[in-house]
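Engineer: Just passing along the structure, written as structure tokens.
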Amino acid sequence: NAGVTQTPKFQVLKTGQSMTLQCAQDMNHNSMYWYRQDPGMGLRLIYYSASEGTTDKGEVPNGYNVSRLNKREFSLRLESAAPSQTSVYFCASSGTSGSNEQFFGPGTRLTVL
Amino acid sequence: DQQVKQNSPSLSVQEGRISILNCDYTNSMFDYFLWYKKYPAEGPTFLISISSIKDKNEDGRFTVFLNKSAKHLSLHIVPSQPGDSAVYFCAASAMYSGGGADGLTFGKGTHLIIQP
């Protein structure tokens with residue numbers, strides 16, 4: 001089991017460019033999440049998908065879009081990257097009731113110049 | 001408005017002693033709390049959790065205490081080991097109120113340094 005995988009690991013963009021961050025999980029989890037972490041900050045929720053076919057905004061959704069492609073995959077898209085989106089992006093997944101434990105991927109370090 | 005606060009950005013503890021990491025929350029809807037550990041260039045990994053119906057949960061060297069009236073929780077690590085050096089995040093959710101799939105609210109983290 002790979003758990004939660006993210007691609008790419010690193011990316012440098014110029015302001016205005018677009019890109020999609022990919023995330024996949026092999027734990028048959030219903031819920032998936034995208035967070036960003038900035039220096040000196042905790043993780044902040046961008047978007048989440050409680051189940052296949054649904055997506056909802058989190059705390060900091062502006063400038064992002066998401067797609068829950070199927071139960072395994074949840075992508076995050078930056079349509080027009082801005083320097084303020086320079087961050088480390090983490091994808092996570094969690095199962096259903098019983099615990100709220102989320103399993104995280106290794107992260108994507110994004111720099112927008 | 002920070003709903004989960006970790007007021008100590010860093011903590012230095014001698015190897016073998018107890019490490020105590022603190023966390024405060026303001027949202028009364030939070031009823032499930034988790035601690036995550038994070039090494040540089042890796043994703044956070046789950047450490048231990050506690051629900052609001054308990055005031056203590058123990059797992060090996062790690063114990064989490066919850067004081068609901070004070071909206072305060074703490075993580076105790078005994079004895080502290082060099083491999084415990086990492087950033088520790090406190091996180092909360094309103095799991096039993098129907099918000100279980102809504103994502104976690106994280107504190108800013110405490111960098112724990114274990115000195116030999």
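In the structure tokens, each chain is lettered A, B, ... as it comes, each chain's residues begin at 1, and ligands are numbered from 1 in order of appearance.
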Could you make a table, as CSV, of the residues of chain B that have an atom within 10 Å of an atom of chain A, each with its nearest atom pair and distance in Å to one decimal, counting only C-alpha atoms, in chain and number order?
Structural biologist:
residue,atom,partner,partner_atom,distance
B:Val4,CA,A:Gly42,CA,9.5
B:Lys5,CA,A:Gly42,CA,9.7
B:Gln6,CA,A:Gly42,CA,9.6
B:Pro9,CA,A:Gly40,CA,8.3
B:Tyr32,CA,A:Asn100,CA,7.6
B:Phe33,CA,A:Asn100,CA,8.6
B:Leu34,CA,A:Glu101,CA,7.6
B:Trp35,CA,A:Glu101,CA,9.6
B:Tyr36,CA,A:Glu101,CA,9.6
B:Ala41,CA,A:Pro106,CA,7.3
B:Glu42,CA,A:Pro106,CA,4.9
B:Gly43,CA,A:Pro106,CA,4.4
B:Pro44,CA,A:Phe104,CA,6.1
B:Thr45,CA,A:Phe104,CA,6.8
B:Phe46,CA,A:Glu101,CA,6.9
B:Leu47,CA,A:Glu101,CA,9.4
B:Ile48,CA,A:Glu101,CA,9.0
B:Ser49,CA,A:Glu101,CA,8.1
B:Ile50,CA,A:Ser99,CA,9.5
B:Ser51,CA,A:Ser99,CA,9.1
B:Tyr88,CA,A:Gly42,CA,10.0
B:Phe89,CA,A:Gly42,CA,7.3
B:Cys90,CA,A:Gly42,CA,9.0
B:Ala91,CA,A:Gly42,CA,9.2
B:Ala92,CA,A:Asn100,CA,9.1
B:Ser93,CA,A:Asn100,CA,7.7
B:Ala94,CA,A:Asn100,CA,9.4
B:Met95,CA,A:Asn100,CA,6.9
B:Tyr96,CA,A:Ser97,CA,9.3
B:Gly99,CA,A:Asn100,CA,9.7
B:Gly100,CA,A:Asn100,CA,6.2
B:Ala101,CA,A:Ala50,CA,5.3
B:Asp102,CA,A:Ala50,CA,6.8
B:Gly103,CA,A:Leu45,CA,6.8
B:Leu104,CA,A:Leu45,CA,7.5
B:Thr105,CA,A:Arg44,CA,7.1
B:Phe106,CA,A:Gly42,CA,5.5
B:Gly107,CA,A:Gly42,CA,5.2
B:Lys108,CA,A:Gly42,CA,3.8
B:Gly109,CA,A:Gly42,CA,6.1
B:Thr110,CA,A:Gly40,CA,9.6
Engineer: Set the distance at 8 Å and use only C-alpha atoms: which residues neighbour Leu21 in chain A once local chain neighbours fewer than 3 positions away are removed? I'd like the list as a list in words.
Structural biologist: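 Returned residues: Gln6, Thr7, Pro8, Ser75, Leu76, Arg77 and Thr108 of chain A.
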Engineer: Print the selection's residues with N, CA, C and O atoms to a file, as an mmCIF file, in the first residue's frame.
Structural biologist:
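Output below, filename again36.cif:
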data_model
loop_
_atom_site.group_PDB
_atom_site.id
_atom_site.type_symbol
_atom_site.label_atom_id
_atom_site.label_comp_id
_atom_site.auth_asym_id
_atom_site.auth_seq_id
_atom_site.Cartn_x
_atom_site.Cartn_y
_atom_site.Cartn_z
ATOM 1 N N GLN A 6 1.349 12.013 -3.986
ATOM 2 C CA GLN A 6 1.158 13.326 -4.589
ATOM 3 C C GLN A 6 2.198 13.543 -5.680
ATOM 4 O O GLN A 6 3.362 13.169 -5.518
ATOM 5 N N THR A 7 1.778 14.155 -6.758
ATOM 6 C CA THR A 7 2.709 14.562 -7.806
ATOM 7 C C THR A 7 2.349 15.962 -8.280
ATOM 8 O O THR A 7 1.172 16.339 -8.327
ATOM 9 N N PRO A 8 3.354 16.786 -8.632
ATOM 10 C CA PRO A 8 4.790 16.520 -8.482
ATOM 11 C C PRO A 8 5.253 16.781 -7.059
ATOM 12 O O PRO A 8 4.474 17.232 -6.225
ATOM 13 N N SER A 75 -7.828 16.145 -7.370
ATOM 14 C CA SER A 75 -6.824 17.062 -7.898
ATOM 15 C C SER A 75 -7.134 18.496 -7.502
ATOM 16 O O SER A 75 -8.292 18.873 -7.282
ATOM 17 N N LEU A 76 -6.071 19.289 -7.437
ATOM 18 C CA LEU A 76 -6.161 20.710 -7.083
ATOM 19 C C LEU A 76 -5.590 21.524 -8.231
ATOM 20 O O LEU A 76 -4.462 21.289 -8.653
ATOM 21 N N ARG A 77 -6.351 22.477 -8.739
ATOM 22 C CA ARG A 77 -5.912 23.252 -9.885
ATOM 23 C C ARG A 77 -5.751 24.724 -9.533
ATOM 24 O O ARG A 77 -6.625 25.323 -8.874
ATOM 25 N N THR A 108 3.623 18.741 -1.887
ATOM 26 C CA THR A 108 4.172 19.351 -3.109
ATOM 27 C C THR A 108 4.633 20.750 -2.737
ATOM 28 O O THR A 108 3.850 21.547 -2.224
#
Engineer: What is the CA of Thr55 in chain A-CA of Phe74 in chain A distance in Å, reported with one decimal?
Structural biologist: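 Separation of CA of Thr55 in chain A and CA of Phe74 in chain A: 9.7 Å.
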Engineer: To one decimal place, how far is CA of Asp31 in chain B from CA of Phe65 in chain B in Å?
Structural biologist: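 Between these atoms lies a distance of 13.4 Å.
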Engineer: Find the residues around Asn70 in chain A up to 8 Å (only C-alpha atoms counted), leave out those fewer than 2 positions away in its own chain, and share them as a PDB file with C-alpha atoms, in the first residue's frame.
Structural biologist:
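What ended up in selection.pdb:
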ATOM      1  CA  GLU A  52     -17.096  10.789  -4.283  1.00  0.00           C
ATOM      2  CA  GLY A  53     -19.082  13.320  -6.289  1.00  0.00           C
ATOM      3  CA  ARG A  68     -12.838  14.506  -7.334  1.00  0.00           C
ATOM      4  CA  ARG A  72      -9.118   7.356  -5.411  1.00  0.00           C
ATOM      5  CA  GLU A  73      -8.160  10.681  -6.961  1.00  0.00           C
ATOM      6  CA  PHE A  74      -8.583  14.321  -5.924  1.00  0.00           C
TER       7      PHE A  74
END
